[in-house]
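Undergrad: Here you go, coords_22.cif (mmCIF, C-alpha atoms):
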data_structure
#
loop_
_atom_site.label_atom_id
_atom_site.label_comp_id
_atom_site.auth_asym_id
_atom_site.auth_seq_id
_atom_site.Cartn_x
_atom_site.Cartn_y
_atom_site.Cartn_z
CA MET W 72 -4.98 -31.49 9.76
CA ILE W 73 -4.26 -30.07 6.32
CA ALA W 74 -3.34 -26.37 6.51
CA ILE W 75 -2.67 -25.72 2.81
CA ARG W 76 -4.83 -27.47 0.24
CA GLY W 77 -4.74 -26.65 -3.46
CA CYS W 78 -7.09 -28.68 -5.68
CA ASP W 79 -6.74 -28.84 -9.46
CA LEU W 80 -5.17 -25.41 -9.59
CA GLY W 81 -4.44 -24.00 -13.00
CA LYS W 82 -3.01 -20.70 -14.15
CA SER W 83 -2.82 -19.33 -17.67
CA TYR W 84 -1.66 -16.00 -19.04
CA GLY W 85 -3.55 -15.73 -22.32
CA HIS W 86 -2.66 -18.83 -24.31
CA TYR W 87 0.36 -19.59 -22.13
CA ARG W 88 -0.46 -22.23 -19.54
CA VAL W 89 1.86 -22.08 -16.49
CA PHE W 90 0.38 -25.19 -14.85
CA ASP W 91 -2.81 -27.14 -15.00
CA ARG W 92 -4.67 -29.43 -12.54
CA LEU W 93 -2.01 -28.97 -9.92
CA SER W 94 -2.83 -30.25 -6.44
CA VAL W 95 -0.80 -29.73 -3.29
CA GLU W 96 -1.40 -30.39 0.39
CA VAL W 97 0.71 -29.37 3.38
CA GLU W 98 -0.22 -30.51 6.87
CA GLU W 99 0.12 -28.53 10.08
CA GLY W 100 3.65 -28.78 11.46
CA GLN W 101 5.08 -29.62 8.04
CA CYS W 102 7.62 -27.74 5.97
CA TYR W 103 7.29 -28.29 2.22
CA ALA W 104 10.12 -27.23 -0.06
CA LEU W 105 9.14 -26.59 -3.67
CA PHE W 106 11.82 -26.81 -6.32
CA GLY W 107 11.77 -26.28 -10.04
CA PRO W 108 13.55 -24.49 -12.84
CA ASN W 109 13.08 -20.76 -13.48
CA GLY W 110 9.69 -20.06 -14.99
CA ALA W 111 8.17 -23.33 -13.79
CA GLY W 112 5.43 -21.45 -11.89
CA LYS W 113 6.65 -21.75 -8.28
CA THR W 114 6.13 -18.09 -7.49
CA THR W 115 2.84 -18.09 -9.40
CA LEU W 116 1.61 -20.92 -7.18
CA LEU W 117 2.69 -19.05 -4.03
CA ARG W 118 1.00 -15.86 -5.23
CA ILE W 119 -2.23 -17.77 -5.80
CA LEU W 120 -2.08 -19.27 -2.30
CA ALA W 121 -1.25 -15.81 -0.90
CA THR W 122 -4.46 -14.46 -2.55
CA LEU W 123 -2.46 -12.09 -4.73
CA SER W 124 -3.40 -13.82 -7.96
CA ARG W 125 -6.59 -15.63 -8.91
CA PRO W 126 -6.24 -19.17 -10.25
CA SER W 127 -7.62 -19.73 -13.75
CA THR W 128 -9.07 -23.04 -12.53
CA GLY W 129 -9.35 -24.93 -9.26
CA ARG W 130 -9.76 -23.98 -5.63
CA PHE W 131 -7.59 -23.73 -2.56
CA GLU W 132 -7.93 -23.59 1.20
CA ILE W 133 -5.66 -22.03 3.80
CA ALA W 134 -6.15 -23.09 7.44
CA GLY W 135 -9.53 -24.55 6.49
CA HIS W 136 -10.83 -21.39 4.79
CA ASP W 137 -11.65 -21.07 1.11
CA GLY W 138 -9.07 -18.87 -0.60
CA LEU W 139 -11.52 -17.46 -3.13
CA THR W 140 -14.51 -16.67 -0.94
CA GLU W 141 -12.93 -16.06 2.48
CA LYS W 142 -9.97 -13.93 1.44
CA GLU W 143 -9.80 -11.77 4.56
CA THR W 144 -9.80 -14.77 6.93
CA VAL W 145 -7.16 -16.47 4.80
CA ARG W 146 -5.03 -13.33 4.83
CA GLY W 147 -5.26 -13.20 8.63
CA ALA W 148 -4.09 -16.80 8.98
CA MET W 149 -1.30 -16.61 6.41
CA LEU W 150 1.92 -14.64 6.02
CA PHE W 151 3.69 -14.33 2.68
CA LEU W 152 7.37 -13.44 2.60
CA ALA W 153 7.96 -12.54 -1.02
CA HIS W 154 10.93 -11.20 -2.97
CA GLY W 155 9.93 -7.63 -2.08
CA SER W 156 10.74 -6.70 1.50
CA TYR W 157 7.42 -4.87 2.09
CA LEU W 158 9.42 -2.28 4.05
CA TYR W 159 9.00 1.48 3.92
CA ASP W 160 12.37 3.12 3.32
CA GLU W 161 11.68 6.21 5.40
CA LEU W 162 10.67 4.23 8.49
CA ASP W 163 13.10 2.54 10.84
CA ALA W 164 12.95 -1.15 11.77
CA VAL W 165 10.72 -0.69 14.81
CA GLU W 166 8.32 1.59 12.93
CA ASN W 167 8.11 -0.83 10.03
CA LEU W 168 7.32 -3.70 12.39
CA ARG W 169 4.74 -1.68 14.30
CA PHE W 170 3.03 -0.73 11.05
CA ALA W 171 2.96 -4.32 9.77
CA LEU W 172 1.60 -5.53 13.11
CA ALA W 173 -1.03 -2.77 13.22
CA LEU W 174 -2.36 -3.88 9.81
CA ARG W 175 -2.94 -7.32 11.38
CA GLY W 176 -4.56 -5.84 14.49
CA LEU W 177 -1.63 -6.82 16.69
CA THR W 178 -0.10 -4.66 19.42
CA LEU W 179 3.16 -5.82 20.92
CA THR W 180 5.33 -4.27 23.60
CA ASP W 181 8.63 -2.52 22.86
CA ARG W 182 10.36 -5.37 24.70
CA GLN W 183 8.83 -8.03 22.44
CA ILE W 184 9.84 -6.09 19.32
CA LYS W 185 13.34 -5.50 20.65
CA LEU W 186 13.74 -9.20 21.47
CA ALA W 187 12.73 -10.18 17.93
CA LEU W 188 15.15 -7.64 16.45
CA ASP W 189 17.95 -8.91 18.68
CA ARG W 190 17.19 -12.50 17.61
CA VAL W 191 17.75 -11.58 13.99
CA ALA W 192 20.80 -9.44 14.88
CA ILE W 193 19.15 -6.20 13.76
CA GLY W 194 18.89 -4.76 17.29
CA PRO W 195 21.85 -2.35 16.91
CA PHE W 196 20.27 -0.91 13.74
CA ALA W 197 16.73 -0.64 15.09
CA ASP W 198 16.67 3.18 14.85
CA LEU W 199 18.12 3.30 11.34
CA LYS W 200 15.85 4.02 8.36
CA THR W 201 15.49 0.82 6.35
CA ARG W 202 16.56 2.68 3.18
CA TYR W 203 20.11 2.20 4.51
CA TYR W 204 19.68 -1.55 5.09
CA SER W 205 21.36 -4.14 2.88
CA ALA W 206 19.20 -6.79 1.18
CA GLY W 207 20.27 -9.31 3.82
CA MET W 208 19.34 -6.99 6.67
CA LYS W 209 15.94 -6.41 5.08
CA LYS W 210 15.44 -10.15 4.84
CA ARG W 211 16.35 -10.54 8.52
CA LEU W 212 13.83 -7.86 9.38
CA THR W 213 11.10 -9.77 7.53
CA VAL W 214 12.03 -12.83 9.60
CA ALA W 215 11.61 -10.70 12.75
CA LYS W 216 8.19 -9.69 11.46
CA ALA W 217 7.24 -13.33 10.91
CA MET W 218 8.47 -14.20 14.42
CA LEU W 219 6.20 -11.56 15.92
CA ILE W 220 3.15 -12.45 13.81
CA ARG W 221 3.45 -16.24 14.31
CA PRO W 222 1.21 -17.18 11.34
CA LYS W 223 -0.62 -20.50 11.00
CA VAL W 224 0.59 -20.74 7.42
CA LEU W 225 3.84 -19.29 6.15
CA LEU W 226 4.57 -18.94 2.43
CA LEU W 227 8.14 -18.07 1.48
CA ASP W 228 9.54 -17.23 -1.93
CA GLU W 229 13.23 -18.11 -2.02
CA PRO W 230 13.83 -17.40 1.68
CA TYR W 231 17.62 -17.88 1.58
CA THR W 232 18.29 -15.28 -1.10
CA SER W 233 20.53 -12.42 0.15
CA LEU W 234 21.17 -14.09 3.50
CA ASP W 235 24.65 -14.80 4.77
CA GLU W 236 25.59 -18.08 6.46
CA SER W 237 24.34 -17.04 9.91
CA GLY W 238 21.21 -15.58 8.34
CA MET W 239 20.43 -18.91 6.68
CA ARG W 240 20.94 -20.73 9.97
CA LEU W 241 18.64 -18.22 11.62
CA MET W 242 16.00 -18.71 8.93
CA ASN W 243 16.12 -22.48 9.34
CA GLN W 244 15.93 -22.26 13.12
CA TYR W 245 12.88 -20.07 12.78
CA LEU W 246 11.23 -22.41 10.26
CA ARG W 247 11.89 -25.40 12.55
CA ASP W 248 10.42 -23.52 15.56
CA LEU W 249 7.37 -22.42 13.58
CA ALA W 250 6.70 -25.91 12.24
CA GLY W 251 7.23 -27.23 15.80
CA GLU W 252 4.43 -24.93 16.94
CA GLY W 253 2.11 -26.53 14.39
CA ALA W 254 2.31 -24.05 11.53
CA ALA W 255 2.52 -25.15 7.91
CA VAL W 256 5.37 -23.83 5.79
CA LEU W 257 5.52 -23.82 2.01
CA MET W 258 8.65 -22.41 0.42
CA THR W 259 10.09 -22.17 -3.04
CA THR W 260 13.84 -22.45 -3.18
CA HIS W 261 16.87 -23.46 -5.25
CA ASP W 262 19.02 -24.18 -2.17
CA ARG W 263 19.03 -27.98 -1.81
CA VAL W 264 21.43 -28.04 1.15
CA ARG W 265 19.71 -25.50 3.36
CA SER W 266 16.16 -26.57 2.57
CA ALA W 267 17.02 -30.26 3.21
CA GLU W 268 17.79 -29.28 6.81
CA VAL W 269 14.20 -28.22 7.49
CA ALA W 270 11.97 -29.73 4.81
CA HIS W 271 9.72 -32.64 5.73
CA ARG W 272 8.54 -33.00 2.13
CA VAL W 273 9.92 -31.95 -1.22
CA GLY W 274 8.18 -31.30 -4.50
CA VAL W 275 9.46 -30.45 -7.95
CA LEU W 276 7.37 -28.29 -10.24
CA ASP W 277 8.42 -28.63 -13.85
CA LYS W 278 6.58 -28.37 -17.18
CA GLY W 279 3.32 -27.72 -15.34
CA ARG W 280 3.51 -30.89 -13.22
CA LEU W 281 4.22 -31.23 -9.50
CA GLN W 282 6.11 -34.36 -8.57
CA GLU W 283 6.97 -35.25 -5.02
CA CYS W 284 10.28 -36.80 -4.00
CA SER W 285 11.96 -37.68 -0.74
CA VAL W 286 14.27 -35.46 1.26
CA GLU W 287 16.93 -38.16 0.78
CA GLU W 288 16.65 -37.81 -2.99
CA LEU W 289 16.95 -34.07 -2.58
CA LYS W 290 20.09 -34.44 -0.47
CA ALA W 291 21.54 -36.85 -3.01
CA HIS W 292 20.97 -34.31 -5.79
CA ALA W 293 18.95 -36.92 -7.60
CA ILE W 294 16.19 -34.59 -8.61
CA PHE W 295 15.89 -32.53 -11.80
CA MET U 55 -10.78 -0.55 17.60
CA PRO U 56 -8.66 -2.16 14.85
CA PHE U 57 -10.53 -0.25 12.10
CA PHE U 58 -9.62 3.18 13.45
CA ARG U 59 -6.15 1.97 14.41
CA VAL U 60 -5.51 1.02 10.79
CA ILE U 61 -6.69 4.46 9.59
CA ARG U 62 -4.40 6.14 12.11
CA TRP U 63 -1.38 3.97 11.24
CA VAL U 64 -1.75 4.34 7.47
CA ALA U 65 -2.09 8.12 7.79
CA TRP U 66 0.81 8.24 10.25
CA LYS U 67 3.01 6.15 7.95
CA ASP U 68 2.36 8.45 4.98
CA LEU U 69 2.86 11.61 7.03
CA ILE U 70 6.05 10.47 8.73
CA SER U 71 7.48 9.25 5.41
CA GLU U 72 6.69 12.61 3.83
CA ILE U 73 8.05 14.64 6.74
CA ARG U 74 11.33 12.73 6.43
CA SER U 75 11.67 12.73 2.65
CA ARG U 76 9.82 16.01 1.82
CA GLU U 77 9.55 14.76 -1.77
CA THR U 78 5.84 15.37 -2.38
CA ILE U 79 5.26 18.52 -0.36
CA SER U 80 8.24 20.32 -1.87
CA SER U 81 7.26 19.49 -5.47
CA MET U 82 3.64 20.51 -4.74
CA PHE U 83 4.78 23.77 -3.16
CA PHE U 84 7.15 24.80 -5.95
CA PHE U 85 4.64 23.98 -8.68
CA ALA U 86 1.99 26.12 -6.99
CA LEU U 87 4.49 28.93 -6.44
CA ILE U 88 5.28 28.99 -10.17
CA VAL U 89 1.55 29.12 -11.00
CA ILE U 90 1.05 32.06 -8.66
CA LEU U 91 4.04 33.95 -10.06
CA VAL U 92 3.04 33.34 -13.69
CA PHE U 93 -0.54 34.49 -13.12
CA SER U 94 0.46 37.49 -11.02
CA PHE U 95 2.78 38.76 -13.76
CA SER U 96 0.40 37.84 -16.59
CA PHE U 97 -2.59 39.86 -15.41
CA SER U 98 -2.62 43.51 -14.64
CA MET U 99 -5.82 43.79 -12.71
CA ASP U 100 -7.60 46.27 -10.56
CA GLN U 101 -9.29 45.13 -7.35
CA SER U 102 -12.71 44.39 -8.90
CA GLU U 103 -11.30 42.41 -11.82
CA THR U 104 -9.04 40.50 -9.44
CA ARG U 105 -11.99 39.40 -7.33
CA GLU U 106 -13.76 38.06 -10.42
CA LEU U 107 -10.82 36.05 -11.74
CA ILE U 108 -8.79 35.12 -8.67
CA ALA U 109 -11.14 32.33 -7.54
CA GLY U 110 -10.47 30.43 -10.77
CA ILE U 111 -6.72 31.01 -10.52
CA ILE U 112 -6.67 29.82 -6.90
CA TRP U 113 -8.45 26.57 -7.75
CA VAL U 114 -6.35 25.88 -10.84
CA ALA U 115 -3.28 26.13 -8.62
CA PHE U 116 -4.79 24.07 -5.79
CA ALA U 117 -6.17 21.34 -8.09
CA PHE U 118 -3.02 20.78 -10.14
CA THR U 119 -0.86 20.96 -7.01
CA GLY U 120 -3.12 18.38 -5.43
CA ILE U 121 -2.77 16.07 -8.42
CA ILE U 122 1.00 16.00 -7.89
CA GLY U 123 0.50 14.85 -4.31
CA LEU U 124 -2.28 12.41 -5.13
CA GLY U 125 -0.21 10.82 -7.89
CA LYS U 126 2.56 10.02 -5.44
CA SER U 127 0.20 8.69 -2.79
CA PHE U 128 0.09 5.16 -4.21
CA SER U 129 3.12 5.19 -6.49
CA ALA U 130 5.21 5.42 -3.29
CA GLU U 131 3.75 2.05 -2.33
CA LEU U 132 5.37 0.40 -5.35
CA GLN U 133 8.77 0.63 -3.68
CA ASN U 134 9.72 -2.71 -2.10
CA ASP U 135 6.32 -4.08 -3.26
CA CYS U 136 4.57 -2.37 -0.35
CA LEU U 137 1.35 -2.21 -2.38
CA GLU U 138 1.26 -6.02 -2.26
CA HIS U 139 1.67 -5.79 1.50
CA LEU U 140 -1.46 -3.62 1.70
CA GLN U 141 -3.29 -6.00 -0.67
CA ILE U 142 -2.66 -9.15 1.37
CA SER U 143 -2.98 -7.59 4.80
CA PRO U 144 -6.11 -8.72 6.64
CA ALA U 145 -6.88 -5.09 7.54
CA SER U 146 -10.09 -3.54 6.26
CA LYS U 147 -9.35 -2.08 2.84
CA GLY U 148 -11.83 0.69 3.62
CA ALA U 149 -9.70 1.65 6.62
CA ILE U 150 -6.59 1.71 4.42
CA TYR U 151 -8.45 3.99 2.00
CA LEU U 152 -9.52 6.35 4.78
CA GLY U 153 -5.95 6.46 6.14
CA LYS U 154 -4.62 7.36 2.69
CA LEU U 155 -7.39 9.92 2.24
CA ALA U 156 -6.58 11.53 5.61
CA ALA U 157 -2.91 11.86 4.69
CA ASN U 158 -3.67 13.27 1.22
CA LEU U 159 -6.19 15.73 2.62
CA LEU U 160 -3.68 16.93 5.18
CA PHE U 161 -0.90 17.36 2.56
CA MET U 162 -3.18 19.38 0.30
CA LEU U 163 -4.51 21.54 3.13
CA ILE U 164 -0.99 22.26 4.39
CA VAL U 165 0.09 23.40 0.92
CA GLU U 166 -3.08 25.49 0.51
CA ILE U 167 -2.59 27.15 3.90
CA ILE U 168 0.98 28.07 2.92
CA LEU U 169 -0.01 29.25 -0.58
CA PHE U 170 -3.14 31.25 0.16
CA PRO U 171 -1.27 34.12 1.92
CA MET U 172 0.84 34.38 -1.25
CA PHE U 173 -2.31 34.85 -3.33
CA VAL U 174 -3.39 37.53 -0.85
CA ILE U 175 -0.04 39.34 -1.21
CA PHE U 176 0.47 38.96 -4.97
CA PHE U 177 -3.13 39.83 -5.89
CA ASN U 178 -3.66 42.39 -3.11
CA LEU U 179 -6.74 40.68 -1.67
CA ASP U 180 -8.64 41.82 1.39
CA VAL U 181 -9.84 38.58 2.99
CA VAL U 182 -9.75 39.11 6.75
CA GLU U 183 -13.54 39.15 7.17
CA GLN U 184 -14.13 36.24 4.78
CA LEU U 185 -11.39 34.03 6.20
CA PRO U 186 -13.62 31.59 8.19
CA VAL U 187 -15.91 30.93 5.22
CA LEU U 188 -12.95 30.67 2.83
CA LEU U 189 -11.38 28.04 5.11
CA LEU U 190 -14.68 26.14 5.07
CA ILE U 191 -14.74 26.26 1.25
CA PHE U 192 -11.11 25.10 1.04
CA ALA U 193 -11.78 22.23 3.45
CA LEU U 194 -14.91 21.02 1.63
CA ALA U 195 -13.47 21.32 -1.88
CA THR U 196 -10.12 19.81 -0.91
CA LEU U 197 -11.91 16.86 0.70
CA GLY U 198 -13.84 16.38 -2.55
CA LEU U 199 -10.66 16.42 -4.65
CA SER U 200 -8.81 14.10 -2.22
CA THR U 201 -11.69 11.63 -2.04
CA VAL U 202 -11.84 11.05 -5.78
CA GLY U 203 -8.09 11.59 -6.23
CA THR U 204 -7.12 8.95 -3.66
CA LEU U 205 -9.35 6.41 -5.39
CA PHE U 206 -8.02 7.20 -8.86
CA SER U 207 -4.46 7.23 -7.56
CA ALA U 208 -5.01 3.60 -6.49
CA MET U 209 -6.70 2.76 -9.80
CA THR U 210 -3.88 4.13 -11.94
CA VAL U 211 -0.91 3.05 -9.84
CA GLN U 212 -0.26 -0.11 -11.86
CA ILE U 213 -0.58 1.68 -15.21
CA ARG U 214 2.69 2.59 -16.91
CA ALA U 215 1.47 6.08 -17.90
CA ARG U 216 -0.06 6.76 -14.50
CA GLU U 217 1.16 10.38 -14.34
CA VAL U 218 -0.87 11.10 -17.49
CA MET U 219 -3.84 8.91 -16.68
CA LEU U 220 -4.51 10.32 -13.20
CA PRO U 221 -5.43 13.87 -14.33
CA ILE U 222 -7.27 12.52 -17.40
CA LEU U 223 -9.51 10.39 -15.18
CA LEU U 224 -9.69 12.68 -12.17
CA LEU U 225 -10.38 16.10 -13.65
CA PRO U 226 -13.65 15.29 -15.48
CA LEU U 227 -15.06 13.75 -12.31
CA ALA U 228 -13.80 16.68 -10.23
CA VAL U 229 -15.54 19.27 -12.44
CA PRO U 230 -18.51 19.65 -10.03
CA VAL U 231 -16.08 20.24 -7.16
CA MET U 232 -14.06 22.75 -9.17
CA ILE U 233 -17.12 24.71 -10.34
CA ALA U 234 -18.64 24.75 -6.85
CA ALA U 235 -15.32 25.72 -5.28
CA VAL U 236 -14.74 28.57 -7.77
CA GLU U 237 -18.28 29.93 -7.41
CA ALA U 238 -18.23 29.75 -3.61
CA THR U 239 -14.74 31.29 -3.40
CA ARG U 240 -15.78 34.10 -5.77
CA GLY U 241 -18.87 34.78 -3.65
CA ALA U 242 -16.82 34.86 -0.46
CA LEU U 243 -14.12 37.11 -1.93
CA ASN U 244 -16.79 39.52 -3.24
CA GLY U 245 -18.17 39.77 0.27
CA SER U 246 -21.58 38.43 -0.78
CA PRO U 247 -23.83 37.04 1.95
CA ILE U 248 -23.40 33.28 2.40
CA ALA U 249 -26.99 32.69 1.25
CA MET U 250 -25.92 33.83 -2.24
CA TYR U 251 -23.48 30.94 -2.66
CA GLY U 252 -24.75 28.52 0.00
CA ASN U 253 -26.00 26.14 -2.71
CA TRP U 254 -22.43 25.65 -3.91
CA LEU U 255 -21.34 24.77 -0.37
CA GLN U 256 -24.17 22.27 -0.15
CA LEU U 257 -23.09 20.75 -3.46
CA LEU U 258 -19.54 20.38 -2.12
CA ALA U 259 -20.80 18.73 1.06
CA VAL U 260 -23.02 16.30 -0.86
CA PHE U 261 -20.19 15.47 -3.28
CA ASP U 262 -17.86 14.79 -0.32
CA VAL U 263 -20.30 12.45 1.39
CA VAL U 264 -21.33 10.57 -1.77
CA PHE U 265 -17.81 10.03 -3.08
CA THR U 266 -16.28 9.20 0.31
CA VAL U 267 -18.89 6.48 0.87
CA MET U 268 -18.65 5.19 -2.72
CA SER U 269 -14.83 5.18 -2.73
CA PHE U 270 -14.78 3.45 0.66
CA TRP U 271 -16.85 0.59 -0.73
CA VAL U 272 -15.13 0.15 -4.10
CA PHE U 273 -11.57 0.51 -2.79
CA GLU U 274 -11.29 -3.16 -1.84
CA TRP U 275 -12.20 -4.20 -5.38
CA ILE U 276 -9.75 -1.65 -6.84
CA LEU U 277 -6.90 -2.82 -4.60
CA ASP U 278 -7.58 -6.50 -5.32
CA SER U 279 -7.77 -6.04 -9.07
#
Show me the file's structure as structure tokens.
TA:
Amino acid sequence: MIAIRGCDLGKSYGHYRVFDRLSVEVEEGQCYALFGPNGAGKTTLLRILATLSRPSTGRFEIAGHDGLTEKETVRGAMLFLAHGSYLYDELDAVENLRFALALRGLTLTDRQIKLALDRVAIGPFADLKTRYYSAGMKKRLTVAKAMLIRPKVLLLDEPYTSLDESGMRLMNQYLRDLAGEGAAVLMTTHDRVRSAEVAHRVGVLDKGRLQECSVEELKAHAIF
Amino acid sequence: MPFFRVIRWVAWKDLISEIRSRETISSMFFFALIVILVFSFSFSMDQSETRELIAGIIWVAFAFTGIIGLGKSFSAELQNDCLEHLQISPASKGAIYLGKLAANLLFMLIVEIILFPMFVIFFNLDVVEQLPVLLLIFALATLGLSTVGTLFSAMTVQIRAREVMLPILLLPLAVPVMIAAVEATRGALNGSPIAMYGNWLQLLAVFDVVFTVMSFWVFEWILDS
């Protein structure tokens, strides 16, 4: 079943057209890596699918729900990990997670939260205000949040940025697990090596056009 | 219920963040303290003159202090793109608004409760008998200011000149609250029977209900746009 479906999506800022008539589909259990040069519109596409920005033209569906008319249902099914960490500096890791979960109507036990923090190697810093976290630690904490939420659709904007080697391995393990559970993953990235380890499909967005290529081509650096 | 849980968590998050950083409360408190000091040294008043003018001075201090707190209510969400987090969360946007409103109301009331004794001392007021009704006036008027202020704080948060725009948009709409608050406070401080200024209390209550309901409904549209 198709979990992410964008049909003829277009986005313009005034006279500047980012992309036009762009269609994309990601099935359940698939991980789609989206490449493209800076300014190609990768983040714009993700923000549209995350219901943060309205497309100028076209429609999209997330987990079978219309993204324009059923926003709240779409937001419940989807999780967007953007450049911003969405963390409150004055709260510690556990408090930040509890707050994020509460906004989604989820209540988890201390043990479940601690396990997730230990999995991302943030456990020893659980009581520390996140204002003292490095960018990599913040990214790990957002992975812990995603682990606890277990969304049907995960949208990631450059997930490997700020992560160290073990952090990238952790991210990929999580993406594999999530896709294995049947979730659809759509990520934008510039990291060919790391994304090739998890991506089932690869697309390149350039000059307003989305072109699909194989993972083999990606590995061989034969794209753009 | 998830709706009330969201209200509680949003209010808790704002309160705990403020308790730890003390950024908003301290700036609100020092601004109000300066206002009190300036007015107390500017006017040489006897008791009867004080009672006529003090209500206006109190509400000028409370309103402008409140604007400082209200302005920071949503601008704090810009850090780490937390505003986006609220936008794309599946939680009821009305519940998020009520959580923010609860936190703002509490901040303003805390500052008012700390500042009012200073007014009593600096302006030599005798308020013991009128204290319950004064607290009622403060609660109603502060709710009115917070209701509209929380909404406008969200509306102006993405504007570059938000510190300027918030008072420009908020104060004209808050005029009924300010007038009613000043008139009711003056009546209470003069020791008039409550029937003499009861209409102003009713106006405050109606304003609170109307703007809380209206803001609750339009908040989702404001946050999404």
Undergrad: Show me, as a list in words, the residues that have an atom within 9 Å of U:Glu138 when counting all atoms listed in the file, minus same-chain residues fewer than 6 positions from it.
TA: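 Counting all atoms listed in the file, the residues come to Leu123, Gly155 and Tyr157 of chain W; Glu131 and Leu132 of chain U.
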Undergrad: With all atoms listed in the file as the basis for distance, which of W:Leu162, W:Leu93, W:Met72, W:Leu139 is at the shortest distance from chain U?
TA: W:Leu162
Undergrad: Under the rule that all atoms listed in the file are counted, which of W:Glu236, W:Glu99, W:Asp160, W:Glu141 is the nearest residue to U:Asp135?
TA: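 That would be W:Asp160, the residue with the smallest distance to U:Asp135.
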Undergrad: I'd like to see the residues matched by the PyMOL selection byres ((chain W) within 7 of (chain U)) on this file, and ideally I'd get them as a list of chain:residue names.
TA: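 When the PyMOL selection byres ((chain W) within 7 of (chain U)) is applied to the shown file, the picked residues are W:Thr122, W:Leu123, W:Glu143, W:Arg146, W:Gly147, W:Gly155, W:Ser156, W:Tyr157, W:Leu158, W:Glu161, W:Leu162, W:Phe170, W:Ala173, W:Leu174, W:Arg175, W:Gly176.
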Undergrad: Just the residues within 8 Å of stretch 202-206 of chain U, please, counting all atoms listed in the file, with nothing from its chain fewer than 3 positions along; format it as number ranges by chain.
TA: U: 121, 124, 127, 151, 154-155, 158, 198-199, 209-210, 220, 223-224, 227-228, 265-266, 269, 273
Undergrad: Could you tell me how far atom CA of U:Glu274 lies from atom CA of W:Tyr84, in Å and to one decimal?
TA: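 These atoms are spaced 23.5 Å apart.
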Undergrad: Is there a way to get, as a list of chain:residue names, all residues within 9 Å of the point (3.4, -20.9, -20.0) in file coordinates, counting only C-alpha atoms?
TA: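 Protein and nucleic acid residues near the point are W:Lys82, W:Ser83, W:Tyr84, W:Gly85, W:His86, W:Tyr87, W:Arg88, W:Val89, W:Phe90, W:Gly110, W:Ala111, W:Gly112, W:Lys278, W:Gly279.
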Undergrad: I'd like the contact shell of W:Leu276 - 12 Å cut-off, all atoms listed in the file, skipping same-chain residues fewer than 2 positions apart - returned as a PyMOL selection string.
TA: chain W and resi 89-91+93-95+104-116+259-261+273-274+278-284+294-295
